[in-house]
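Q: For reference, the file start_14.cif (mmCIF, C-alpha atoms and all ligand atoms) is included below:
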```
data_protein
loop_
_atom_site.label_atom_id
_atom_site.label_comp_id
_atom_site.auth_asym_id
_atom_site.auth_seq_id
_atom_site.Cartn_x
_atom_site.Cartn_y
_atom_site.Cartn_z
CA MET P 422 67.81 115.95 37.72
CA THR P 423 69.23 113.74 40.43
CA THR P 424 67.69 112.67 43.65
CA ARG P 425 70.04 112.11 46.49
CA GLY P 426 67.51 110.88 48.98
CA ARG P 427 67.45 112.48 52.38
CA THR P 428 69.53 115.63 52.51
CA VAL P 429 70.09 117.70 55.56
CA PHE P 430 70.99 121.38 55.54
CA SER P 431 74.31 121.02 57.28
CA ARG P 432 75.05 123.07 60.32
CA ARG P 433 78.36 124.26 58.94
CA GLU P 434 76.97 125.79 55.81
CA TRP P 435 74.16 127.68 57.54
CA LEU P 436 76.62 129.04 60.03
CA ASN P 437 79.06 130.10 57.32
CA ALA P 438 76.34 132.13 55.74
CA ALA P 439 75.30 133.60 59.03
CA VAL P 440 78.83 134.68 59.82
CA LEU P 441 79.03 136.38 56.45
CA ALA P 442 75.75 138.11 57.18
CA GLY P 443 77.33 139.60 60.28
CA GLY P 444 75.30 137.49 62.65
CA THR P 445 76.57 136.21 65.95
CA PHE P 446 74.50 133.60 67.64
CA CYS P 447 74.95 130.32 69.37
CA THR P 448 73.20 127.29 68.02
CA GLY P 449 72.73 124.06 69.87
CA LEU P 450 75.07 121.45 68.41
CA ASP P 451 72.35 118.88 68.75
CA LYS P 452 69.95 120.79 66.54
CA ILE P 453 69.96 119.79 62.91
CA ALA P 454 68.02 121.67 60.28
CA ILE P 455 65.12 120.45 58.19
CA PRO P 456 65.58 117.23 56.26
CA LEU P 457 64.67 117.44 52.59
CA SER P 458 63.65 114.69 50.25
CA SER P 459 65.82 115.71 47.34
CA PHE P 460 68.73 117.94 46.57
CA VAL P 461 69.47 119.31 43.16
CA GLY P 462 72.59 121.22 42.28
CA PHE P 463 75.98 121.05 43.95
CA ALA P 464 76.90 119.52 47.24
CA VAL P 465 78.17 122.24 49.54
CA GLU P 466 79.74 119.58 51.75
CA GLN P 467 82.24 119.04 48.93
CA GLN P 468 85.80 120.00 49.80
CA ASP P 469 86.01 122.38 46.87
CA ALA P 470 82.74 124.20 47.58
CA LYS P 471 83.40 127.59 49.11
CA LEU P 472 81.03 130.34 50.10
CA VAL P 473 82.45 133.49 48.50
CA SER P 474 80.09 136.23 49.62
CA LEU P 475 76.51 137.31 50.10
CA VAL P 476 74.99 139.26 47.25
CA PRO P 477 73.15 142.24 48.76
CA PHE P 478 69.61 143.09 47.75
CA ILE P 479 69.50 146.40 45.93
CA ARG P 480 66.94 149.20 45.70
CA GLU P 481 65.80 148.68 49.27
CA GLY P 482 66.06 151.01 52.25
CA SER P 483 69.17 150.90 54.39
CA PRO P 484 68.11 151.40 57.99
CA PRO P 485 70.51 150.01 60.61
CA LEU P 486 69.35 146.49 61.48
CA ASN P 487 68.94 144.69 64.83
CA THR P 488 69.24 147.93 66.72
CA PRO P 489 66.57 150.14 68.30
CA LEU P 490 66.06 153.40 66.43
CA GLY P 491 64.24 156.52 67.55
CA ALA P 492 61.58 156.70 70.22
CA GLU P 493 57.90 156.14 70.87
CA LEU P 494 55.52 156.04 67.87
CA ASP P 495 58.31 156.64 65.36
CA GLY P 496 60.70 154.24 67.13
CA ARG P 497 61.55 151.05 65.25
CA LEU P 498 63.79 148.02 65.29
CA TYR P 499 64.28 146.29 61.94
CA THR P 500 65.28 142.64 62.26
CA ASN P 501 68.15 141.45 60.06
CA LEU P 502 66.37 138.54 58.42
CA SER P 503 69.38 137.63 56.28
CA GLU P 504 70.97 135.98 59.30
CA VAL P 505 67.95 133.88 60.22
CA VAL P 506 68.62 130.13 60.01
CA PRO P 507 66.37 127.11 60.56
CA GLU P 508 68.38 125.88 63.52
CA GLN P 509 67.60 128.92 65.57
CA GLU P 510 63.84 128.78 65.58
CA VAL P 511 63.28 132.20 67.09
CA VAL P 512 64.65 135.68 66.64
CA LEU P 513 66.40 136.67 69.87
CA SER P 514 64.23 139.10 71.81
CA LYS P 515 66.73 141.94 71.48
CA LYS P 516 66.56 141.51 67.69
CA PHE P 517 62.81 140.93 67.45
CA TYR P 518 61.34 143.76 65.39
CA VAL P 519 59.71 146.70 67.12
CA ARG P 520 57.02 148.73 65.36
CA THR P 521 56.40 151.30 68.12
CA ARG P 522 58.78 151.85 71.00
CA VAL P 523 57.56 152.25 74.52
CA SER P 524 55.97 155.56 75.50
CA ALA P 525 57.97 157.81 77.82
CA LEU P 526 54.71 158.16 79.76
CA LEU P 527 54.24 154.42 80.37
CA ASP P 528 56.16 154.50 83.65
CA LYS P 529 53.44 156.52 85.31
CA GLN P 530 50.73 154.09 84.25
CA ASN P 531 49.44 151.30 86.37
CA LEU P 532 48.68 148.54 83.92
CA SER P 533 48.60 145.73 86.47
CA LEU P 534 44.78 145.84 86.57
CA ILE P 535 43.03 145.97 83.23
CA GLU P 536 39.62 147.60 82.99
CA CYS P 537 36.96 145.26 81.63
CA ARG P 538 33.89 147.16 80.49
CA GLY P 539 30.51 146.06 79.25
CA PHE P 540 30.52 142.68 80.95
CA ARG P 541 27.12 143.26 82.55
CA PRO P 542 26.19 143.64 85.30
CA SER P 543 29.51 144.42 86.86
CA LYS P 544 32.53 146.49 86.02
CA LEU P 545 35.48 144.21 86.46
CA ARG P 546 39.21 144.19 86.29
CA LEU P 547 41.60 141.58 84.99
CA ALA P 548 44.75 141.29 87.10
CA VAL P 549 47.94 140.76 85.13
CA LYS P 550 49.07 138.65 88.06
CA SER P 551 46.25 136.17 87.44
CA VAL P 552 47.48 135.79 83.85
CA ARG P 553 51.06 135.43 85.03
CA ASP P 554 50.03 132.71 87.51
CA LYS P 555 48.37 130.67 84.77
CA ALA P 556 50.95 131.35 82.06
CA ARG P 557 52.36 128.45 80.08
CA PRO P 558 54.07 127.93 76.72
CA MET P 559 52.01 129.24 73.82
CA GLY P 560 54.40 128.07 71.13
CA LEU P 561 56.40 129.53 68.27
CA HIS P 562 54.59 132.22 66.37
CA LEU P 563 55.52 134.70 63.73
CA MET P 564 54.58 138.35 63.86
CA GLU P 565 54.67 140.62 60.83
CA CYS P 566 53.81 144.29 60.63
CA ALA P 567 51.26 145.00 57.91
CA GLY P 568 53.62 147.81 56.88
CA ASN P 569 56.60 145.48 56.35
CA THR P 570 58.15 146.94 53.21
CA LYS P 571 61.42 146.86 51.31
CA GLU P 572 62.22 150.35 52.65
CA GLY P 573 62.83 148.54 55.94
CA ARG P 574 64.47 145.51 54.26
CA PHE P 575 61.33 143.56 55.21
CA GLY P 576 62.73 143.59 58.75
CA LEU P 577 59.37 144.18 60.45
CA MET P 578 58.85 140.45 60.83
CA SER P 579 60.13 138.04 63.48
CA ALA P 580 59.28 134.80 65.26
CA ALA P 581 59.33 134.10 68.98
CA ASN P 582 58.51 131.43 71.50
CA TRP P 583 55.69 132.93 73.53
CA ALA P 584 54.23 132.28 76.97
CA GLY P 585 50.88 133.41 78.28
CA VAL P 586 47.25 132.37 78.56
CA PRO P 587 44.65 131.85 75.82
CA PHE P 588 42.34 134.85 75.58
CA THR P 589 39.16 132.86 76.08
CA GLU P 590 40.56 131.26 79.23
CA ALA P 591 41.85 134.52 80.71
CA ILE P 592 38.42 136.15 80.55
CA ASP P 593 36.36 133.12 81.53
CA PHE P 594 35.81 134.58 85.01
CA LEU P 595 33.72 137.27 83.36
CA PRO P 596 29.95 137.00 82.85
CA ARG P 597 28.93 135.40 79.58
CA ILE P 598 29.14 137.54 76.50
CA ARG P 599 26.25 137.55 74.06
CA ASP P 600 27.23 135.81 70.84
CA LYS P 601 26.77 138.84 68.60
CA SER P 602 28.86 141.06 70.83
CA ARG P 603 32.39 141.96 69.93
CA ILE P 604 35.47 142.46 72.03
CA LEU P 605 37.52 145.65 71.92
CA ILE P 606 41.09 145.35 73.13
CA SER P 607 42.95 148.59 73.76
CA GLY P 608 46.49 149.43 74.68
CA PHE P 609 48.06 152.42 76.31
CA ASP P 610 49.03 154.66 73.43
CA THR P 611 49.76 158.19 74.59
CA TYR P 612 53.20 159.57 73.86
CA ALA P 613 55.32 162.46 75.01
CA SER P 614 56.35 163.30 71.45
CA GLN P 615 54.26 163.77 68.32
CA SER P 616 54.65 161.23 65.54
CA ALA P 617 55.60 162.21 62.03
CA SER P 618 53.74 159.31 60.46
CA SER P 619 51.51 157.32 62.84
CA LEU P 620 48.30 158.03 64.69
CA PRO P 621 48.27 157.37 68.43
CA GLY P 622 45.57 155.02 69.73
CA ALA P 623 45.87 151.25 69.56
CA SER P 624 42.77 149.12 69.71
CA TRP P 625 41.09 146.47 67.61
CA ILE P 626 37.62 144.93 67.68
CA PHE P 627 37.31 141.16 67.30
CA SER P 628 34.59 138.56 67.35
CA LEU P 629 35.03 136.00 70.10
CA ALA P 630 34.88 133.26 67.49
CA ASP P 631 37.82 134.77 65.58
CA LEU P 632 39.92 135.11 68.74
CA HIS P 633 39.12 131.55 69.62
CA ALA P 634 39.79 130.16 66.14
CA ALA P 635 43.14 131.96 65.85
CA GLY P 636 44.27 130.77 69.28
CA ALA P 637 44.74 134.37 70.43
CA PHE P 638 46.51 134.73 73.75
CA PHE P 639 47.66 137.26 76.29
CA ALA P 640 51.44 137.14 76.35
CA ILE P 641 53.61 137.88 79.35
CA ALA P 642 56.90 136.44 78.05
CA MET P 643 58.81 135.78 74.86
CA ASN P 644 61.80 133.47 74.44
CA ASP P 645 61.73 132.58 78.14
CA GLU P 646 62.17 136.17 79.24
CA PRO P 647 59.53 138.57 80.55
CA LEU P 648 58.19 140.88 77.84
CA THR P 649 60.31 144.00 77.49
CA PRO P 650 58.72 147.46 77.61
CA ASP P 651 59.19 147.84 73.83
CA HIS P 652 57.28 144.58 73.24
CA GLY P 653 54.27 145.54 75.32
CA ALA P 654 54.93 144.68 78.97
CA PRO P 655 53.22 143.98 81.23
CA LEU P 656 50.60 142.35 78.97
CA ARG P 657 50.08 142.18 75.22
CA LEU P 658 47.83 140.35 72.83
CA VAL P 659 49.15 137.90 70.22
CA VAL P 660 46.85 136.67 67.46
CA PRO P 661 48.72 133.96 65.55
CA GLY P 662 48.37 134.23 61.78
CA TRP P 663 47.12 137.84 61.85
CA TYR P 664 49.11 140.99 61.14
CA GLY P 665 50.93 142.62 64.04
CA CYS P 666 48.65 145.67 64.11
CA VAL P 667 46.05 143.60 66.00
CA CYS P 668 48.60 142.42 68.57
CA ILE P 669 47.90 145.21 71.03
CA LYS P 670 50.75 146.09 73.42
CA TRP P 671 50.45 147.65 76.88
CA ILE P 672 46.85 146.41 77.21
CA ASN P 673 44.74 148.73 79.38
CA GLU P 674 41.17 147.92 78.46
CA ILE P 675 38.99 145.01 77.37
CA SER P 676 35.43 145.98 76.49
CA VAL P 677 32.35 144.28 75.16
CA VAL P 678 30.89 146.36 72.34
CA GLY P 679 27.74 145.98 70.28
CA SER P 680 27.48 144.89 66.67
CA ALA P 681 26.87 148.51 65.57
CA GLU P 682 30.31 149.62 66.81
CA THR P 683 32.33 151.60 64.29
CA PRO P 684 35.99 150.69 63.53
CA THR P 685 38.69 152.13 65.79
CA ASP P 686 41.27 154.61 64.46
CA GLN P 687 43.82 151.80 64.42
CA MET P 688 41.48 149.66 62.30
CA LYS P 689 40.96 152.56 59.90
CA GLU P 690 44.71 153.24 59.70
CA PHE P 691 45.42 149.61 58.83
CA ALA P 692 42.33 148.87 56.70
CA ALA P 693 44.12 148.92 53.35
CA ARG P 694 47.21 147.14 54.64
CA THR P 695 45.07 144.31 56.04
CA HIS P 696 43.26 143.91 52.69
CA GLN P 697 39.87 145.29 53.77
CA PRO P 698 37.48 145.97 50.93
CA GLY P 699 37.54 149.77 51.12
CA LEU P 700 36.81 151.14 54.56
CA PRO P 701 34.00 149.13 56.19
CA GLY P 702 31.61 151.36 58.18
CA LEU P 703 31.19 148.83 60.98
CA ALA P 704 33.85 146.96 62.93
CA GLN P 705 31.96 143.72 62.36
CA ASP P 706 32.41 144.10 58.59
CA PHE P 707 36.20 143.96 58.92
CA ALA P 708 37.62 140.71 57.58
CA PRO P 709 40.09 138.90 59.86
CA ALA P 710 43.47 140.58 59.36
CA THR P 711 45.14 137.29 58.45
CA ILE P 712 48.45 137.02 56.62
CA ASP P 713 48.05 135.34 53.22
CA GLN P 714 50.52 132.70 52.16
CA ALA P 715 53.74 134.57 51.35
CA ALA P 716 57.33 133.80 50.42
CA MET P 717 60.51 135.77 49.86
CA PRO P 718 64.27 135.38 49.59
CA LEU P 719 66.26 136.20 52.71
CA ARG P 720 69.73 136.04 51.20
CA VAL P 721 71.58 135.20 48.02
CA GLU P 722 74.85 133.33 48.44
CA LYS P 723 77.64 133.27 45.91
CA TRP P 724 79.53 129.96 45.88
CA SER P 725 82.63 128.75 44.13
CA VAL P 726 82.40 125.03 43.37
CA ALA P 727 85.35 123.40 41.63
CA GLY P 728 86.27 126.71 40.07
CA LYS P 729 82.72 127.48 38.87
CA ILE P 730 80.43 130.14 40.30
CA HIS P 731 76.98 129.16 41.54
CA TYR P 732 74.39 131.08 43.48
CA ARG P 733 71.95 129.91 46.09
CA VAL P 734 68.84 131.77 47.09
CA ILE P 735 67.65 131.08 50.61
CA GLY P 736 64.27 132.15 51.80
CA ILE P 737 61.17 131.50 53.81
CA LEU P 738 57.49 130.79 53.34
CA TRP P 739 55.11 132.13 55.95
CA GLY P 740 51.45 133.00 56.45
CA GLY P 741 48.53 131.11 55.00
CA CYS P 742 46.72 128.28 56.70
CA LYS P 743 47.20 125.14 54.65
CA PRO P 744 50.10 123.06 53.40
CA VAL P 745 51.65 124.19 50.13
CA LYS P 746 53.28 121.89 47.59
CA LYS P 747 54.28 123.99 44.60
CA VAL P 748 56.56 126.92 45.21
CA GLN P 749 58.07 128.50 42.13
CA ILE P 750 60.73 131.14 41.62
CA ARG P 751 61.40 133.50 38.74
CA PHE P 752 64.46 135.60 37.93
CA ASN P 753 63.22 138.58 35.89
CA PRO P 754 59.86 138.82 34.13
CA GLU P 755 61.31 137.50 30.83
CA GLU P 756 62.15 134.16 32.42
CA ASP P 757 59.71 131.41 33.36
CA TYR P 758 58.80 130.37 36.87
CA VAL P 759 60.66 127.21 37.86
CA PRO P 760 60.11 124.98 40.91
CA VAL P 761 62.20 125.91 43.96
CA THR P 762 64.84 123.17 44.12
CA GLU P 763 64.66 122.47 47.84
CA PHE P 764 61.33 122.95 49.48
CA ARG P 765 59.18 120.96 51.81
CA HIS P 766 56.45 122.73 53.65
CA ALA P 767 56.95 122.20 57.37
CA THR P 768 54.61 124.79 58.85
CA ASN P 769 52.59 127.92 58.06
CA ASP P 770 53.56 129.45 61.40
CA PRO P 771 56.19 130.58 62.16
CA TRP P 772 58.00 129.89 58.85
CA THR P 773 59.40 127.23 56.53
CA PHE P 774 62.81 127.58 54.90
CA TRP P 775 63.55 126.84 51.23
CA ARG P 776 66.67 126.96 49.08
CA HIS P 777 67.19 127.29 45.38
CA VAL P 778 70.33 126.70 43.35
CA TRP P 779 70.63 129.34 40.66
CA THR P 780 73.06 129.68 37.80
CA PRO P 781 72.29 132.98 36.07
CA ALA P 782 72.96 133.06 32.34
CA ALA P 783 74.63 136.47 32.33
CA PRO P 784 75.70 139.26 34.66
CA GLY P 785 73.03 141.86 35.32
CA ASN P 786 70.17 142.83 37.58
CA TYR P 787 67.62 140.20 38.55
CA LEU P 788 64.21 140.63 40.15
CA ILE P 789 63.54 137.57 42.26
CA ARG P 790 59.89 136.71 42.63
CA LEU P 791 58.13 133.75 44.26
CA GLN P 792 54.80 132.24 43.32
CA ILE P 793 52.62 129.59 44.92
CA ALA P 794 51.18 127.35 42.21
CA ASP P 795 48.81 125.36 44.43
CA GLN P 796 45.13 125.82 43.64
CA GLY P 797 43.03 127.68 46.19
CA VAL P 798 45.87 129.25 48.17
CA ARG P 799 45.29 132.98 48.57
CA THR P 800 48.44 135.04 47.94
CA ARG P 801 47.35 138.65 47.57
CA ARG P 802 50.68 140.23 48.54
CA LEU P 803 52.71 137.87 46.38
CA ASP P 804 50.34 138.53 43.48
CA ALA P 805 50.92 142.25 43.90
CA GLY P 806 54.71 141.80 43.73
CA PHE P 807 55.05 143.03 47.30
CA TYR P 808 57.97 140.78 48.25
CA VAL P 809 59.99 140.99 45.02
CA ARG P 810 63.70 141.54 45.77
CA GLU P 811 66.47 142.56 43.40
CA VAL P 812 70.15 141.66 43.16
CA GLU P 813 72.98 142.66 40.88
CA ILE P 814 75.04 139.72 39.63
CA SER P 815 78.50 140.71 38.44
CA GLU P 816 80.04 137.29 37.82
CA VAL P 817 78.65 134.07 36.34
N1 LIG K 1 49.66 149.94 72.20
C1 LIG K 1 50.16 149.65 70.98
N2 LIG K 1 50.14 148.36 70.55
C2 LIG K 1 50.64 148.05 69.34
C3 LIG K 1 51.15 149.05 68.47
C4 LIG K 1 51.16 150.39 68.94
O1 LIG K 1 51.61 151.32 68.25
N3 LIG K 1 50.66 150.65 70.20
N4 LIG K 1 51.63 148.70 67.23
C5 LIG K 1 51.09 147.49 66.65
C6 LIG K 1 51.77 147.08 65.44
S1 LIG K 1 51.43 148.00 64.05
C7 LIG K 1 52.58 145.97 65.38
S2 LIG K 1 53.22 145.44 63.93
C8 LIG K 1 52.92 145.21 66.60
C9 LIG K 1 54.42 145.10 66.74
O2 LIG K 1 54.80 144.45 67.92
P1 LIG K 1 56.35 144.48 68.33
O3 LIG K 1 56.79 145.91 68.31
O4 LIG K 1 56.46 143.81 69.64
O5 LIG K 1 57.07 143.70 67.25
O6 LIG K 1 52.40 145.82 67.77
C10 LIG K 1 51.09 146.33 67.65
N5 LIG K 1 50.64 146.75 68.94
MO MO K 2 52.33 146.93 62.28
#
```
Could I get this structure in the form of structure tokens?
A:
Amino acid sequence: MTTRGRTVFSRREWLNAAVLAGGTFCTGLDKIAIPLSSFVGFAVEQQDAKLVSLVPFIREGSPPLNTPLGAELDGRLYTNLSEVVPEQEVVLSKKFYVRTRVSALLDKQNLSLIECRGFRPSKLRLAVKSVRDKARPMGLHLMECAGNTKEGRFGLMSAANWAGVPFTEAIDFLPRIRDKSRILISGFDTYASQSASSLPGASWIFSLADLHAAGAFFAIAMNDEPLTPDHGAPLRLVVPGWYGCVCIKWINEISVVGSAETPTDQMKEFAARTHQPGLPGLAQDFAPATIDQAAMPLRVEKWSVAGKIHYRVIGILWGGCKPVKKVQIRFNPEEDYVPVTEFRHATNDPWTFWRHVWTPAAPGNYLIRLQIADQGVRTRRLDAGFYVREVEISEV
């Protein structure tokens, strides 16, 4: 094993890969990717190192990527994550995943004043304009749909640079809320067409403490552009670190509810996917819908270096709430987990990139699986094999 000191993912090599992945994007020349302490394997800066192709993941769905599909509750946009690179910190808004497309009936709604119920004594309204007037950068945050599966090439996940106002600040004009009370946030969710697979109705019940701890905010813009209708304009909720199902779009109601409140239909629909123990009878017994530490490959590159074939697996780590040191990768259950060759945890949110040089022993199919070996880091989806991806290697 050699240590080369500080190594930088060069701009050229990331871009090569992105071009192969069919991506077109502009990257600031001044932006250099993450520095890494050590680099093991071959130097892609070498004259004789050439990126041959990307090895596609197999046995996954094949929906068109980066393009809006269908309408309303069954409408989706799957992000092409294979073209994501560290230099471009966000997914462009037009490629940011969409889980439910805007309702054809939204036009006729007036969502500029949001009903606030249960804030005794008065019935109040929150003006979207007041949020817009106070809006400021809320930072880079990842969003992942709890139903982000390989059927959709794991494309229901993206990161954006958001603007808005922290939840607790936006409602601070309202009378004090009793500590035990919970907050229900609802979005407009009536559609002209019937869904084949989803239930209409989007609302989630939170404790104020959870919203505060997560840094939840009302968003009015992403990536320096106003929210689009598909992403929840005029106002949506973003709860960093939680699954997307709590990030209510087209907000139309904020209500204080008691501790005996039962879960909403949306909470019931997403109970299993947000790791609830069974179906809690009360909203207050729902655990925060946080994303555990997760990791997966985004693309596998085939390289020719001085006449020899090498592969590189490039991926991300996301979710969780503490720094991780030991990330391991395994190629098929018969092999052992080995440390990922290039990894330094930069952030839990939005994501941290890693790379691994891989020289398979023989052609064949390989199931690529990641594992976090740090003690005390919860990884329920990784443990369940949720993000395992498979490739077919034809040449070694
Ligand atoms: N009103 C409303 N809000 C909603 C939904 C919905 O169907 N209706 N879907 C939720 C789910 S399941 C996810 S993953 C996120 C997706 O947000 P995006 O489409 O902007 O990526 O929105 C959430 N907010
Ligand atoms: Mo979702």
Q: List all protein, DNA and RNA residues that have an atom no more than 6 Å from any atom of ligand LIG 1 (chain K), counting all atoms listed in the file, and report them as a PyMOL selection string.
A: chain P and resi 518-521+565-566+608-610+623+652+665-671
Q: Expressed in Å to a single decimal, how great is the separation between CA of Ser680 in chain P and atom MO of ligand MO 2 (chain K)?
A: 25.3 Å
Q: Just the number, please: distance in Å from CA of Asp554 in chain P to CA of Leu534 in chain P, one decimal.
A: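 Atom-to-atom, CA of Asp554 in chain P and CA of Leu534 in chain P are spaced 14.2 Å apart.
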Q: For a quick check of understanding, using all atoms listed in the file, which of P:Phe639, P:Phe752, P:Trp724, P:Phe575 has the smallest distance to ligand MO 2 (chain K)?
A: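 Using all atoms listed in the file, ligand MO 2 (chain K) sits closest to P:Phe575.
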Q: Which one is closest to ligand MO 2 (chain K): P:Leu700, P:Leu498, P:Leu532, P:Leu803? Count all atoms listed in the file.
A: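 Counting all atoms listed in the file, the residue closest to ligand MO 2 (chain K) is P:Leu498.
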Q: Could you please give me, as number ranges by chain, the residues of protein, DNA or RNA lying at most 12 Å from (72.0, 145.7, 40.1) in the coordinate frame of the file, considering only C-alpha atoms?
A: P: 476-481, 784-789, 810-816
Q: Of the residues P:Ala782, P:Ala715, P:Val523, P:Ala727, which is the one nearest to Ala794 in chain P, using only C-alpha atoms?
A: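 Between P:Ala782, P:Ala715, P:Val523, P:Ala727, the residue approaching Ala794 in chain P most closely is P:Ala715.
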Q: Do a neighbour search on range 624-628 of chain P at 6 Å with only C-alpha atoms, toss out local chain neighbours closer than 2 positions, and write the hits as a list in words.
A: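 Returned residues: Arg603, Ile604, Leu605, Ile606, Ser607, Ala630, Asp631 and Val667 of chain P.
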Q: Could you check which residues have any atom within 6 Å of (32.2, 148.8, 75.2), counting all atoms listed in the file with coordinates taken straight from the file, and then list them as a ChimeraX atom specification?
A: /P:538-539,676-678
Q: Rank nothing, just name the residue among P:Ser579, P:Thr500, P:Thr695, P:Ser514 nearest to Pro771 in chain P, using all atoms listed in the file.
A: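 Going through P:Ser579, P:Thr500, P:Thr695, P:Ser514 one by one, the smallest distance to Pro771 in chain P is for P:Ser579.
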Q: So, with all atoms listed in the file as the atoms that count, which of P:Pro684, P:Pro507, P:Gly728, P:Pro621 lies closest to Leu472 in chain P?
A: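 Using all atoms listed in the file, the shortest distance to Leu472 in chain P belongs to P:Gly728.
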Q: Would you mind telling me which residue in P:Met688, P:Val759, P:Leu719, P:Val473 lies nearest to ligand MO 2 (chain K) when using all atoms listed in the file?
A: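 Under the stated criterion, the closest residue is P:Met688.
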Q: So which residues touch range 484-496 of chain P within 12 Å, counting only C-alpha atoms, skipping near sequence neighbours fewer than 4 positions away, as an MDAnalysis selection string?
A: chainID P and resid 442:445 500:505 512:527 570:579 609:623 650:652
Q: State, in Å with one decimal place, the distance from CA of Ala556 in chain P to CA of Ala640 in chain P.
A: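 Answer for the CA of Ala556 in chain P to CA of Ala640 in chain P separation: 8.1 Å.
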Q: Can you take the partial range 470-483 of chain P, add N, CA, C and O atoms, and return it as a PDB file, in the frame of the given file?
A:
```pdb
ATOM      1  N   ALA P 470      83.833 123.224  47.598  1.00  0.00           N
ATOM      2  CA  ALA P 470      82.740 124.200  47.580  1.00  0.00           C
ATOM      3  C   ALA P 470      83.024 125.266  48.628  1.00  0.00           C
ATOM      4  O   ALA P 470      83.248 124.964  49.789  1.00  0.00           O
ATOM      5  N   LYS P 471      83.048 126.505  48.184  1.00  0.00           N
ATOM      6  CA  LYS P 471      83.400 127.590  49.110  1.00  0.00           C
ATOM      7  C   LYS P 471      82.420 128.747  48.959  1.00  0.00           C
ATOM      8  O   LYS P 471      82.115 129.189  47.860  1.00  0.00           O
ATOM      9  N   LEU P 472      81.931 129.189  50.114  1.00  0.00           N
ATOM     10  CA  LEU P 472      81.030 130.340  50.100  1.00  0.00           C
ATOM     11  C   LEU P 472      81.862 131.600  49.919  1.00  0.00           C
ATOM     12  O   LEU P 472      82.731 131.899  50.722  1.00  0.00           O
ATOM     13  N   VAL P 473      81.626 132.323  48.830  1.00  0.00           N
ATOM     14  CA  VAL P 473      82.450 133.490  48.500  1.00  0.00           C
ATOM     15  C   VAL P 473      81.931 134.752  49.201  1.00  0.00           C
ATOM     16  O   VAL P 473      82.673 135.482  49.841  1.00  0.00           O
ATOM     17  N   SER P 474      80.641 135.003  49.040  1.00  0.00           N
ATOM     18  CA  SER P 474      80.090 136.230  49.620  1.00  0.00           C
ATOM     19  C   SER P 474      78.566 136.164  49.615  1.00  0.00           C
ATOM     20  O   SER P 474      77.983 135.253  49.034  1.00  0.00           O
ATOM     21  N   LEU P 475      77.956 137.141  50.233  1.00  0.00           N
ATOM     22  CA  LEU P 475      76.510 137.310  50.100  1.00  0.00           C
ATOM     23  C   LEU P 475      76.284 138.429  49.096  1.00  0.00           C
ATOM     24  O   LEU P 475      76.984 139.439  49.125  1.00  0.00           O
ATOM     25  N   VAL P 476      75.306 138.223  48.233  1.00  0.00           N
ATOM     26  CA  VAL P 476      74.990 139.260  47.250  1.00  0.00           C
ATOM     27  C   VAL P 476      73.893 140.139  47.864  1.00  0.00           C
ATOM     28  O   VAL P 476      72.812 139.639  48.170  1.00  0.00           O
ATOM     29  N   PRO P 477      74.165 141.420  48.079  1.00  0.00           N
ATOM     30  CA  PRO P 477      73.150 142.240  48.760  1.00  0.00           C
ATOM     31  C   PRO P 477      71.941 142.515  47.873  1.00  0.00           C
ATOM     32  O   PRO P 477      72.056 142.572  46.654  1.00  0.00           O
ATOM     33  N   PHE P 478      70.795 142.661  48.496  1.00  0.00           N
ATOM     34  CA  PHE P 478      69.610 143.090  47.750  1.00  0.00           C
ATOM     35  C   PHE P 478      69.752 144.581  47.468  1.00  0.00           C
ATOM     36  O   PHE P 478      70.231 145.340  48.318  1.00  0.00           O
ATOM     37  N   ILE P 479      69.373 144.985  46.287  1.00  0.00           N
ATOM     38  CA  ILE P 479      69.500 146.400  45.930  1.00  0.00           C
ATOM     39  C   ILE P 479      68.126 147.055  45.838  1.00  0.00           C
ATOM     40  O   ILE P 479      67.100 146.379  45.821  1.00  0.00           O
ATOM     41  N   ARG P 480      68.176 148.389  45.762  1.00  0.00           N
ATOM     42  CA  ARG P 480      66.940 149.200  45.700  1.00  0.00           C
ATOM     43  C   ARG P 480      66.000 148.913  46.865  1.00  0.00           C
ATOM     44  O   ARG P 480      64.795 148.764  46.687  1.00  0.00           O
ATOM     45  N   GLU P 481      66.588 148.766  48.047  1.00  0.00           N
ATOM     46  CA  GLU P 481      65.800 148.680  49.270  1.00  0.00           C
ATOM     47  C   GLU P 481      66.297 149.784  50.201  1.00  0.00           C
ATOM     48  O   GLU P 481      67.339 150.383  49.932  1.00  0.00           O
ATOM     49  N   GLY P 482      65.583 150.026  51.282  1.00  0.00           N
ATOM     50  CA  GLY P 482      66.060 151.010  52.250  1.00  0.00           C
ATOM     51  C   GLY P 482      67.306 150.501  52.929  1.00  0.00           C
ATOM     52  O   GLY P 482      67.704 149.347  52.754  1.00  0.00           O
ATOM     53  N   SER P 483      67.964 151.361  53.696  1.00  0.00           N
ATOM     54  CA  SER P 483      69.170 150.900  54.390  1.00  0.00           C
ATOM     55  C   SER P 483      69.179 151.321  55.854  1.00  0.00           C
ATOM     56  O   SER P 483      70.159 151.884  56.336  1.00  0.00           O
TER      57      SER P 483
END
```
